[in-house]
>>> print(open('target-v1.tsv').read())   # TSV, C-alpha atoms and all ligand atoms
chain	number	residue	atom	x	y	z
D	1	MET	CA	30.48	147.00	148.65
D	2	THR	CA	31.21	144.19	146.23
D	3	GLN	CA	30.81	145.26	142.66
D	4	VAL	CA	31.24	143.63	139.30
D	5	VAL	CA	34.29	145.18	137.66
D	6	ALA	CA	35.14	144.63	133.99
D	7	VAL	CA	38.74	145.07	132.89
D	8	VAL	CA	39.54	145.40	129.18
D	9	GLY	CA	43.17	144.86	128.14
D	10	LEU	CA	45.25	142.39	130.13
D	11	GLY	CA	48.78	143.69	129.67
D	12	THR	CA	50.94	144.70	132.63
D	13	MET	CA	48.53	147.38	133.82
D	14	GLY	CA	45.29	145.51	133.11
D	15	ALA	CA	46.48	142.37	134.89
D	16	GLY	CA	47.65	144.46	137.85
D	17	ILE	CA	44.26	146.20	138.01
D	18	VAL	CA	42.47	142.83	137.92
D	19	GLU	CA	44.60	141.69	140.87
D	20	VAL	CA	43.87	144.87	142.84
D	21	CYS	CA	40.10	144.58	142.22
D	22	LEU	CA	39.98	140.90	143.18
D	23	ALA	CA	42.05	141.58	146.31
D	24	ALA	CA	39.52	144.28	147.28
D	25	GLY	CA	36.72	141.69	147.12
D	26	HIS	CA	35.12	142.56	143.78
D	27	ASP	CA	33.97	140.15	141.09
D	28	VAL	CA	36.00	140.68	137.93
D	29	LEU	CA	35.21	140.05	134.26
D	30	ALA	CA	38.43	140.16	132.23
D	31	PHE	CA	38.71	140.64	128.47
D	32	ASP	CA	41.53	140.99	125.98
D	33	GLY	CA	40.98	140.90	122.22
D	34	PHE	CA	44.26	139.01	121.76
D	35	PRO	CA	43.99	135.42	123.09
D	36	GLU	CA	47.74	135.21	123.79
D	37	ALA	CA	47.71	138.45	125.76
D	38	ARG	CA	44.68	137.22	127.65
D	39	ALA	CA	46.42	133.98	128.65
D	40	LYS	CA	49.55	135.87	129.71
D	41	GLY	CA	47.52	138.42	131.65
D	42	LEU	CA	45.60	135.74	133.54
D	43	GLU	CA	48.88	134.02	134.35
D	44	ARG	CA	50.18	137.32	135.78
D	45	VAL	CA	47.11	137.57	138.02
D	46	HIS	CA	47.69	134.04	139.33
D	47	LYS	CA	51.37	134.86	139.91
D	48	GLY	CA	50.38	138.02	141.79
D	49	PHE	CA	48.29	136.02	144.24
D	50	ALA	CA	50.97	133.31	144.50
D	51	ARG	CA	53.41	136.10	145.45
D	52	ARG	CA	51.05	137.29	148.20
D	53	VAL	CA	50.72	133.75	149.59
D	54	GLU	CA	54.49	133.22	149.41
D	55	LYS	CA	55.08	136.49	151.29
D	56	GLY	CA	52.54	135.45	153.92
D	57	THR	CA	50.29	138.48	153.38
D	58	LEU	CA	47.39	136.31	152.15
D	59	ALA	CA	46.20	132.81	153.13
D	60	GLN	CA	46.02	130.26	150.32
D	61	ALA	CA	42.26	129.88	150.88
D	62	ASP	CA	41.74	133.65	150.47
D	63	ALA	CA	43.86	133.68	147.31
D	64	ASP	CA	41.79	130.78	145.94
D	65	ALA	CA	38.58	132.64	146.83
D	66	ALA	CA	39.82	135.78	145.06
D	67	ILE	CA	40.80	133.87	141.91
D	68	ALA	CA	37.39	132.16	141.95
D	69	ARG	CA	35.78	135.62	141.57
D	70	LEU	CA	37.62	136.13	138.25
D	71	ARG	CA	35.95	135.22	134.97
D	72	ALA	CA	37.70	135.63	131.62
D	73	VAL	CA	35.27	136.42	128.81
D	74	GLU	CA	35.64	136.21	125.05
D	75	ALA	CA	33.56	139.16	123.87
D	76	ILE	CA	32.93	142.75	124.95
D	77	ALA	CA	29.19	141.99	124.98
D	78	GLU	CA	29.78	139.67	127.97
D	79	LEU	CA	30.90	142.65	130.08
D	80	ALA	CA	27.46	144.31	129.86
D	81	SER	CA	26.38	143.53	133.44
D	82	ALA	CA	29.41	145.15	135.11
D	83	ASP	CA	29.00	148.14	137.46
D	84	ILE	CA	32.26	149.66	136.24
D	85	VAL	CA	34.53	148.94	133.30
D	86	ILE	CA	38.22	149.88	133.40
D	87	GLU	CA	40.01	150.08	130.07
D	88	ALA	CA	43.75	149.38	129.90
D	89	VAL	CA	44.41	148.79	126.20
D	90	ALA	CA	47.20	150.25	124.03
D	91	GLU	CA	47.86	153.98	124.38
D	92	ILE	CA	46.58	154.79	120.89
D	93	PRO	CA	43.71	157.32	120.75
D	94	GLU	CA	41.87	155.64	117.83
D	95	ILE	CA	41.88	152.24	119.59
D	96	LYS	CA	40.54	153.76	122.81
D	97	HIS	CA	37.91	155.83	120.95
D	98	ASP	CA	36.63	152.78	119.06
D	99	LEU	CA	36.51	150.72	122.25
D	100	PHE	CA	34.62	153.40	124.20
D	101	ARG	CA	32.17	153.79	121.31
D	102	GLU	CA	31.42	150.08	121.77
D	103	LEU	CA	31.37	150.23	125.58
D	104	GLY	CA	29.01	153.21	125.43
D	105	SER	CA	26.43	151.10	123.66
D	106	VAL	CA	27.08	147.74	125.36
D	107	MET	CA	27.35	148.60	129.06
D	108	GLN	CA	24.27	149.00	131.26
D	109	PRO	CA	23.21	152.67	131.56
D	110	SER	CA	24.31	152.99	135.20
D	111	ALA	CA	27.86	151.69	134.60
D	112	ILE	CA	30.91	153.88	135.12
D	113	LEU	CA	33.22	153.85	132.09
D	114	ALA	CA	36.83	154.37	133.19
D	115	THR	CA	40.06	154.65	131.25
D	116	ASN	CA	43.50	153.93	132.66
D	117	THR	CA	45.12	156.15	130.03
D	118	SER	CA	48.31	157.84	131.21
D	119	ALA	CA	48.35	160.75	128.82
D	120	ILE	CA	45.51	160.69	126.29
D	121	SER	CA	42.64	163.20	126.68
D	122	VAL	CA	39.89	161.65	128.81
D	123	THR	CA	37.48	164.25	127.37
D	124	GLY	CA	38.19	162.95	123.85
D	125	ILE	CA	37.55	159.37	125.02
D	126	ALA	CA	34.36	160.50	126.79
D	127	GLU	CA	33.08	162.20	123.64
D	128	ALA	CA	33.79	159.08	121.57
D	129	SER	CA	31.72	156.95	123.98
D	130	GLY	CA	28.51	158.85	123.28
D	131	GLN	CA	27.98	158.76	127.09
D	132	PRO	CA	30.42	161.49	128.22
D	133	GLU	CA	28.72	162.01	131.60
D	134	ARG	CA	29.68	158.44	132.62
D	135	VAL	CA	33.38	158.56	131.70
D	136	VAL	CA	36.27	159.17	134.12
D	137	GLY	CA	39.99	158.50	134.19
D	138	LEU	CA	41.22	155.99	136.75
D	139	HIS	CA	44.98	156.14	136.29
D	140	PHE	CA	46.85	153.42	138.17
D	141	PHE	CA	50.63	153.34	138.53
D	142	ASN	CA	53.03	150.54	137.72
D	143	PRO	CA	53.21	148.08	139.46
D	144	ALA	CA	49.50	148.53	140.15
D	145	PRO	CA	49.37	146.08	143.09
D	146	VAL	CA	52.12	148.05	144.87
D	147	MET	CA	51.72	151.74	144.01
D	148	LYS	CA	49.19	153.52	146.24
D	149	LEU	CA	48.08	156.25	143.84
D	150	VAL	CA	45.10	156.35	141.53
D	151	GLU	CA	44.61	159.65	139.72
D	152	VAL	CA	40.87	160.13	139.32
D	153	VAL	CA	40.53	162.30	136.24
D	154	ARG	CA	37.58	164.63	135.99
D	155	THR	CA	36.38	166.05	132.68
D	156	ARG	CA	33.98	168.97	132.32
D	157	LEU	CA	31.40	166.54	130.93
D	158	VAL	CA	31.20	164.01	133.77
D	159	ASP	CA	28.16	163.73	136.04
D	160	PRO	CA	29.31	164.83	139.55
D	161	GLN	CA	27.58	161.78	141.05
D	162	VAL	CA	29.49	159.45	138.72
D	163	TYR	CA	32.74	161.21	139.61
D	164	ALA	CA	32.04	160.90	143.35
D	165	SER	CA	31.34	157.17	142.87
D	166	ALA	CA	34.63	156.79	141.00
D	167	ILE	CA	36.55	158.38	143.89
D	168	GLU	CA	34.75	156.10	146.33
D	169	PHE	CA	35.54	153.06	144.16
D	170	ALA	CA	39.26	153.92	144.02
D	171	GLU	CA	39.40	154.47	147.78
D	172	GLY	CA	37.65	151.12	148.25
D	173	LEU	CA	40.62	149.51	146.49
D	174	ASP	CA	42.76	150.79	149.36
D	175	LYS	CA	44.34	153.35	147.04
D	176	GLU	CA	45.09	157.00	147.50
D	177	ALA	CA	42.55	158.61	145.15
D	178	VAL	CA	43.76	162.02	143.99
D	179	PRO	CA	41.41	164.23	141.95
D	180	CYS	CA	43.01	165.49	138.74
D	181	PRO	CA	41.88	167.83	136.00
D	182	ASP	CA	41.91	166.41	132.49
D	183	THR	CA	45.10	168.15	131.38
D	184	PRO	CA	47.96	166.46	129.48
D	185	GLY	CA	49.85	164.02	131.75
D	186	PHE	CA	47.43	164.81	134.60
D	187	LEU	CA	49.58	165.51	137.69
D	188	VAL	CA	52.25	162.83	138.05
D	189	ASN	CA	53.23	162.31	134.42
D	190	ARG	CA	53.36	166.02	133.69
D	191	ILE	CA	56.17	166.17	136.25
D	192	LEU	CA	57.66	162.64	136.09
D	193	VAL	CA	57.78	162.09	132.31
D	194	PRO	CA	59.95	165.21	131.64
D	195	MET	CA	62.25	164.18	134.50
D	196	LEU	CA	62.67	160.74	132.92
D	197	ASN	CA	63.35	162.39	129.54
D	198	ASP	CA	66.03	164.50	131.22
D	199	ALA	CA	67.67	161.30	132.49
D	200	VAL	CA	67.76	160.00	128.88
D	201	ARG	CA	69.16	163.35	127.70
D	202	THR	CA	71.81	163.19	130.40
D	203	LEU	CA	72.75	159.66	129.32
D	204	ALA	CA	72.99	160.68	125.64
D	205	GLU	CA	74.92	163.89	126.28
D	206	THR	CA	77.36	162.78	128.98
D	207	GLY	CA	78.05	159.17	128.05
D	208	ALA	CA	77.68	158.27	131.73
D	209	ASP	CA	77.00	154.61	132.50
D	210	PRO	CA	73.22	153.96	132.87
D	211	ILE	CA	73.98	152.03	136.04
D	212	ASP	CA	75.71	155.10	137.50
D	213	ILE	CA	72.85	157.45	136.55
D	214	ASP	CA	70.44	155.14	138.35
D	215	ARG	CA	72.73	154.67	141.36
D	216	ALA	CA	73.14	158.45	141.61
D	217	LEU	CA	69.42	159.26	141.65
D	218	LYS	CA	68.72	156.48	144.15
D	219	ALA	CA	71.48	157.46	146.54
D	220	GLY	CA	71.41	161.20	145.91
D	221	ALA	CA	67.73	161.99	145.45
D	222	GLY	CA	66.02	159.17	147.31
D	223	TRP	CA	64.35	157.61	144.25
D	224	PRO	CA	63.21	154.01	145.01
D	225	MET	CA	64.67	152.98	141.65
D	226	GLY	CA	66.79	154.93	139.17
D	227	PRO	CA	65.09	156.84	136.31
D	228	LEU	CA	66.42	154.60	133.53
D	229	ALA	CA	65.37	151.46	135.42
D	230	LEU	CA	61.99	153.11	135.92
D	231	ILE	CA	61.61	153.71	132.15
D	232	ASP	CA	62.48	150.02	131.66
D	233	LEU	CA	59.72	149.15	134.15
D	234	ILE	CA	57.00	151.30	132.59
D	235	GLY	CA	58.18	150.55	129.03
D	236	VAL	CA	60.37	152.60	126.70
D	237	ASP	CA	57.43	152.74	124.27
D	238	VAL	CA	55.07	153.95	127.01
D	239	GLN	CA	57.54	156.69	127.99
D	240	MET	CA	57.81	157.72	124.34
D	241	HIS	CA	54.04	157.82	123.77
D	242	ALA	CA	53.42	159.63	127.06
D	243	SER	CA	56.05	162.29	126.25
D	244	GLN	CA	54.63	162.81	122.76
D	245	ALA	CA	51.05	163.05	124.04
D	246	ILE	CA	52.05	165.64	126.65
D	247	ALA	CA	54.08	167.62	124.07
D	248	ASP	CA	51.15	167.55	121.62
D	249	GLY	CA	48.58	168.35	124.30
D	250	LEU	CA	50.50	171.33	125.65
D	251	GLY	CA	51.87	172.39	122.25
D	252	ASP	CA	55.33	172.49	123.83
D	253	GLU	CA	58.25	170.60	122.25
D	254	HIS	CA	60.09	170.77	125.56
D	255	TYR	CA	58.07	167.68	126.54
D	256	ALA	CA	58.83	165.74	123.32
D	257	PRO	CA	60.50	162.31	123.74
D	258	HIS	CA	64.29	162.18	123.46
D	259	PRO	CA	65.28	160.66	120.05
D	260	LEU	CA	67.13	157.83	121.81
D	261	LEU	CA	63.74	156.47	122.95
D	262	ALA	CA	62.55	156.17	119.33
D	263	GLU	CA	65.78	154.37	118.39
D	264	MET	CA	65.28	151.91	121.23
D	265	VAL	CA	61.66	151.27	120.23
D	266	GLU	CA	62.81	150.69	116.64
D	267	GLU	CA	65.29	148.09	117.91
D	268	GLY	CA	62.66	146.39	120.08
D	269	ARG	CA	64.41	147.41	123.30
D	270	LEU	CA	61.24	148.22	125.22
D	271	GLY	CA	62.54	147.56	128.73
D	272	ARG	CA	61.73	144.71	131.08
D	273	LYS	CA	58.96	143.30	128.92
D	274	THR	CA	61.39	142.51	126.07
D	275	GLY	CA	64.35	141.65	128.32
D	276	ALA	CA	66.36	144.73	127.30
D	277	GLY	CA	66.06	148.48	127.61
D	278	PHE	CA	68.63	150.69	129.30
D	279	HIS	CA	69.53	147.57	131.28
D	280	THR	CA	69.14	143.86	130.48
D	281	TYR	CA	66.76	141.46	132.23
D	282	GLU	CA	66.22	137.74	132.40
D	283	ALA	CA	63.58	136.57	129.92
D	284	ARG	CA	60.15	136.17	131.53
D	301	LIG	N1	53.89	143.32	141.36
D	301	LIG	C1	53.54	143.14	142.64
D	301	LIG	N2	54.35	143.42	143.67
D	301	LIG	C2	55.59	143.85	143.39
D	301	LIG	C3	56.04	144.04	142.07
D	301	LIG	C4	55.12	143.75	141.02
D	301	LIG	N3	55.45	143.92	139.74
D	301	LIG	N4	57.31	144.49	142.10
D	301	LIG	C5	57.64	144.58	143.40
D	301	LIG	N5	56.61	144.20	144.18
D	301	LIG	C6	56.54	144.20	145.63
D	301	LIG	C7	57.49	143.23	146.25
D	301	LIG	O1	56.91	141.95	146.41
D	301	LIG	C8	57.77	143.87	147.58
D	301	LIG	O2	56.71	143.65	148.50
D	301	LIG	P1	57.01	143.51	150.07
D	301	LIG	O3	57.72	144.76	150.48
D	301	LIG	O4	55.62	143.37	150.67
D	301	LIG	O5	57.85	142.28	150.19
D	301	LIG	C9	57.74	145.36	147.28
D	301	LIG	O6	56.97	145.49	146.08
D	301	LIG	C10	59.11	145.90	147.11
D	301	LIG	O7	59.72	145.14	146.05
D	301	LIG	P2	61.25	144.73	146.01
D	301	LIG	O8	61.79	144.59	147.39
D	301	LIG	O9	61.41	143.59	145.05
D	301	LIG	O10	61.95	145.90	145.25
D	301	LIG	P3	61.95	147.42	145.58
D	301	LIG	O11	62.03	147.70	147.02
D	301	LIG	O12	62.96	147.99	144.65
D	301	LIG	O13	60.51	147.91	145.09
D	301	LIG	C11	59.22	148.91	143.45
D	301	LIG	C12	60.09	147.74	143.79
D	301	LIG	C13	57.93	148.87	144.29
D	301	LIG	C14	58.85	148.78	141.98
D	301	LIG	C15	60.00	150.23	143.80
D	301	LIG	O14	61.28	150.16	143.20
D	301	LIG	C16	59.32	151.47	143.34
D	301	LIG	O15	58.43	151.99	144.01
D	301	LIG	N6	59.73	151.98	142.17
D	301	LIG	C17	59.12	153.15	141.57
D	301	LIG	C18	57.91	152.74	140.80
D	301	LIG	C19	57.24	153.92	140.19
D	301	LIG	O16	57.64	155.06	140.29
D	301	LIG	N7	56.12	153.63	139.51
D	301	LIG	C20	55.38	154.65	138.81
D	301	LIG	C21	55.81	154.63	137.38
D	301	LIG	S1	55.04	155.88	136.46
D	301	LIG	C22	53.59	155.22	136.00
D	301	LIG	O17	53.26	154.07	136.20
D	301	LIG	C23	52.70	156.17	135.30
D	301	LIG	C24	52.58	156.05	133.88
D	301	LIG	O18	51.52	156.37	133.38
D	301	LIG	C25	53.71	155.71	132.97
>>> encode(input="target-v1.tsv", output="structure tokens", more="lines below")
Ligand code: CAA
Amino acid sequence: MTQVVAVVGLGTMGAGIVEVCLAAGHDVLAFDGFPEARAKGLERVHKGFARRVEKGTLAQADADAAIARLRAVEAIAELASADIVIEAVAEIPEIKHDLFRELGSVMQPSAILATNTSAISVTGIAEASGQPERVVGLHFFNPAPVMKLVEVVRTRLVDPQVYASAIEFAEGLDKEAVPCPDTPGFLVNRILVPMLNDAVRTLAETGADPIDIDRALKAGAGWPMGPLALIDLIGVDVQMHASQAIADGLGDEHYAPHPLLAEMVEEGRLGRKTGAGFHTYEAR
């Protein structure tokens, strides 16, 4: 069933989510508080559809029809009519809490309020919204148009009907919707983030070449891309924040980010998005 989906935050994840929702036939309202980020995000969405046409998986007319269902808006108030809003802004609890406080009052009472957070408490976000029974986590994976999984995060406060609708919505995007409890890192990141930290630790302690670490895990463990290249894809800063959030949430320093990640963030080496991380990339 076609729905009106609002997406807030048009970075890598937000733009990918917009593409996925348009491709599934929904109408999308897109918002980013930073005009430059909004322009870049919309360009990403166009590029995503151009890629599909180029690959021959989508006809040009269908791509045009999908793009025609996208409307960029300039204020949160313009999202009010959406059936579901998916937030994909910076992974900073205060920013998400403030946004959900606003969404809680702006969105129509039947709307589902979803966060794409990767490691922040969904319960905390739900409480901030003032409408905790309507809040779920819909955690997409990077690159969102490619990765099949959406973790559908359930808090103790959510209305079971709302949660069931969220599962149905994620499945309607042709994704694998996996129910998750609202625990730090949910399922995937609680396992993946420490593994990625161990790759950084191995790099720092052995002096092995990052290329060799990545080659080894690809050829020896069947990873589609090496762990250091994967951190570059998701963002060195995102890996650092996710590790810290899991460590704080579980009260276990074992999960804390390796210090090398903080050094890289300090130097602006955030991975693909800045052209350099553990590897170097052509400017985009
Ligand atoms: N957007 C859209 N499509 C993309 C894409 C992108 N950014 N990157 C690659 N693709 C598509 C390609 O077009 C290609 O499609 P076809 O097979 O239909 O032609 C397909 O994906 C494979 O791409 P490539 O051949 O270029 O390269 P690849 O085989 O190395 O695959 C990859 C790229 C899909 C990213 C693959 O390496 C992979 O699966 N890597 C692991 C990604 C992963 O683990 N993501 C989860 C990160 S953790 C996370 O996101 C959680 C969090 O909270 C931090």
>>> closest_atom_pairs(input="target-v1.tsv", of="chain D", to="ligand LIG 301 (chain D)", cutoff="7 Å", atoms="all atoms listed in the file", output="JSON lines")
{"residue": "D:Gly48", "atom": "CA", "partner": "D:LIG301", "partner_atom": "C1", "distance": 6.1}
{"residue": "D:Arg51", "atom": "CA", "partner": "D:LIG301", "partner_atom": "O1", "distance": 6.9}
{"residue": "D:Lys55", "atom": "CA", "partner": "D:LIG301", "partner_atom": "O5", "distance": 6.5}
{"residue": "D:Ser118", "atom": "CA", "partner": "D:LIG301", "partner_atom": "O18", "distance": 4.1}
{"residue": "D:Phe140", "atom": "CA", "partner": "D:LIG301", "partner_atom": "O17", "distance": 6.7}
{"residue": "D:Phe141", "atom": "CA", "partner": "D:LIG301", "partner_atom": "O17", "distance": 3.6}
{"residue": "D:Asn142", "atom": "CA", "partner": "D:LIG301", "partner_atom": "O17", "distance": 3.9}
{"residue": "D:Pro143", "atom": "CA", "partner": "D:LIG301", "partner_atom": "N3", "distance": 4.7}
{"residue": "D:Ala144", "atom": "CA", "partner": "D:LIG301", "partner_atom": "N1", "distance": 6.9}
{"residue": "D:Pro145", "atom": "CA", "partner": "D:LIG301", "partner_atom": "C1", "distance": 5.1}
{"residue": "D:Val146", "atom": "CA", "partner": "D:LIG301", "partner_atom": "N2", "distance": 5.3}
{"residue": "D:Met147", "atom": "CA", "partner": "D:LIG301", "partner_atom": "N7", "distance": 6.6}
{"residue": "D:Asn189", "atom": "CA", "partner": "D:LIG301", "partner_atom": "C23", "distance": 6.2}
{"residue": "D:Pro224", "atom": "CA", "partner": "D:LIG301", "partner_atom": "O14", "distance": 4.7}
{"residue": "D:Met225", "atom": "CA", "partner": "D:LIG301", "partner_atom": "O14", "distance": 4.7}
{"residue": "D:Leu230", "atom": "CA", "partner": "D:LIG301", "partner_atom": "C17", "distance": 6.3}
{"residue": "D:Ile234", "atom": "CA", "partner": "D:LIG301", "partner_atom": "C25", "distance": 5.5}
{"residue": "D:Val238", "atom": "CA", "partner": "D:LIG301", "partner_atom": "C25", "distance": 6.4}
{"residue": "D:Gln239", "atom": "CA", "partner": "D:LIG301", "partner_atom": "C25", "distance": 6.4}
>>> atom_distance(input="target-v1.tsv", atom1="CA of Ala216 (chain D)", atom2="CA of Pro259 (chain D)")
23.1 Å
>>> atom_distance(input="target-v1.tsv", atom1="CA of Asn197 (chain D)", atom2="CA of Gly226 (chain D)")
12.7 Å
>>> closest_residue(input="target-v1.tsv", among="D:Gly207, D:Gly14, D:Gly277, D:Gly33", to="Ile95 (chain D)", atoms="all atoms listed in the file")
D:Gly33
>>> residues_around(input="target-v1.tsv", residues="Asp252 (chain D)", least_positions_apart="6", cutoff="12 Å", atoms="all atoms listed in the file", output="list in words")
Pro184, Arg190, Pro194, Ser243, Gln244, Ala245 and Ile246 of chain D
>>> write_last_selection(input="target-v1.tsv", atoms="C-alpha atoms", output="compact mmCIF listing (two decimals), keeping the file's coordinate frame")
# COMPACT_ATOMS: atom_id res chain seq x y z
CA PRO D 184 47.96 166.46 129.48
CA ARG D 190 53.36 166.02 133.69
CA PRO D 194 59.95 165.21 131.64
CA SER D 243 56.05 162.29 126.25
CA GLN D 244 54.63 162.81 122.76
CA ALA D 245 51.05 163.05 124.04
CA ILE D 246 52.05 165.64 126.65
>>> residues_around(input="target-v1.tsv", residues="Glu205 (chain D)", least_positions_apart="4", cutoff="12 Å", atoms="only C-alpha atoms", output="PyMOL selection string")
chain D and resi 198-201+209+258-260
>>> atom_distance(input="target-v1.tsv", atom1="CA of Leu149 (chain D)", atom2="CA of Arg215 (chain D)")
24.8 Å
>>> residues_around(input="target-v1.tsv", residues="Gly185 (chain D)", least_positions_apart="5", cutoff="10 Å", atoms="all atoms listed in the file", output="ChimeraX atom specification")
/D:117-121,180,190-193,242-243,245-247,249-250
>>> closest_residue(input="target-v1.tsv", among="D:Val28, D:Ala88, D:Ala59, D:Val8", to="Ala75 (chain D)", atoms="all atoms listed in the file")
D:Val8
>>> closest_residue(input="target-v1.tsv", among="D:Met195, D:Met264, D:Ala30, D:Ile211", to="Val73 (chain D)", atoms="all atoms listed in the file")
D:Ala30
>>> closest_residue(input="target-v1.tsv", among="D:Asp182, D:Asp159, D:Asp32, D:Asp62", to="Leu138 (chain D)", atoms="all atoms listed in the file")
D:Asp182
>>> closest_residue(input="target-v1.tsv", among="D:Ala177, D:Ala208, D:Ala128, D:Ile231", to="Arg269 (chain D)", atoms="only C-alpha atoms")
D:Ile231
>>> build_atoms(input="target-v1.tsv", residues="region 254-268 of chain D", atoms="N, CA and C atoms", output="short mmCIF file (atom, residue, chain, number, x, y, z; two decimals), in the coordinates of the input")
data_model
loop_
_atom_site.label_atom_id
_atom_site.label_comp_id
_atom_site.auth_asym_id
_atom_site.auth_seq_id
_atom_site.Cartn_x
_atom_site.Cartn_y
_atom_site.Cartn_z
N HIS D 254 59.24 171.07 124.41
CA HIS D 254 60.09 170.77 125.56
C HIS D 254 59.78 169.38 126.12
N TYR D 255 58.51 168.96 125.98
CA TYR D 255 58.07 167.68 126.54
C TYR D 255 58.27 166.51 125.58
N ALA D 256 58.73 166.79 124.34
CA ALA D 256 58.83 165.74 123.32
C ALA D 256 59.82 164.66 123.76
N PRO D 257 59.60 163.40 123.33
CA PRO D 257 60.50 162.31 123.74
C PRO D 257 61.91 162.51 123.19
N HIS D 258 62.92 162.11 123.96
CA HIS D 258 64.29 162.18 123.46
C HIS D 258 64.42 161.19 122.31
N PRO D 259 65.17 161.55 121.22
CA PRO D 259 65.28 160.66 120.05
C PRO D 259 65.81 159.26 120.39
N LEU D 260 66.60 159.15 121.44
CA LEU D 260 67.13 157.83 121.81
C LEU D 260 65.99 156.84 122.11
N LEU D 261 64.88 157.35 122.64
CA LEU D 261 63.74 156.47 122.95
C LEU D 261 63.18 155.85 121.67
N ALA D 262 63.08 156.68 120.61
CA ALA D 262 62.55 156.17 119.33
C ALA D 262 63.49 155.12 118.76
N GLU D 263 64.80 155.36 118.89
CA GLU D 263 65.78 154.37 118.39
C GLU D 263 65.62 153.05 119.12
N MET D 264 65.42 153.13 120.43
CA MET D 264 65.28 151.91 121.23
C MET D 264 64.01 151.16 120.86
N VAL D 265 62.93 151.91 120.62
CA VAL D 265 61.66 151.27 120.23
C VAL D 265 61.85 150.56 118.89
N GLU D 266 62.52 151.26 117.98
CA GLU D 266 62.81 150.69 116.64
C GLU D 266 63.57 149.37 116.77
N GLU D 267 64.48 149.30 117.72
CA GLU D 267 65.29 148.09 117.91
C GLU D 267 64.59 147.04 118.77
N GLY D 268 63.39 147.36 119.24
CA GLY D 268 62.66 146.39 120.08
C GLY D 268 63.17 146.35 121.51
#
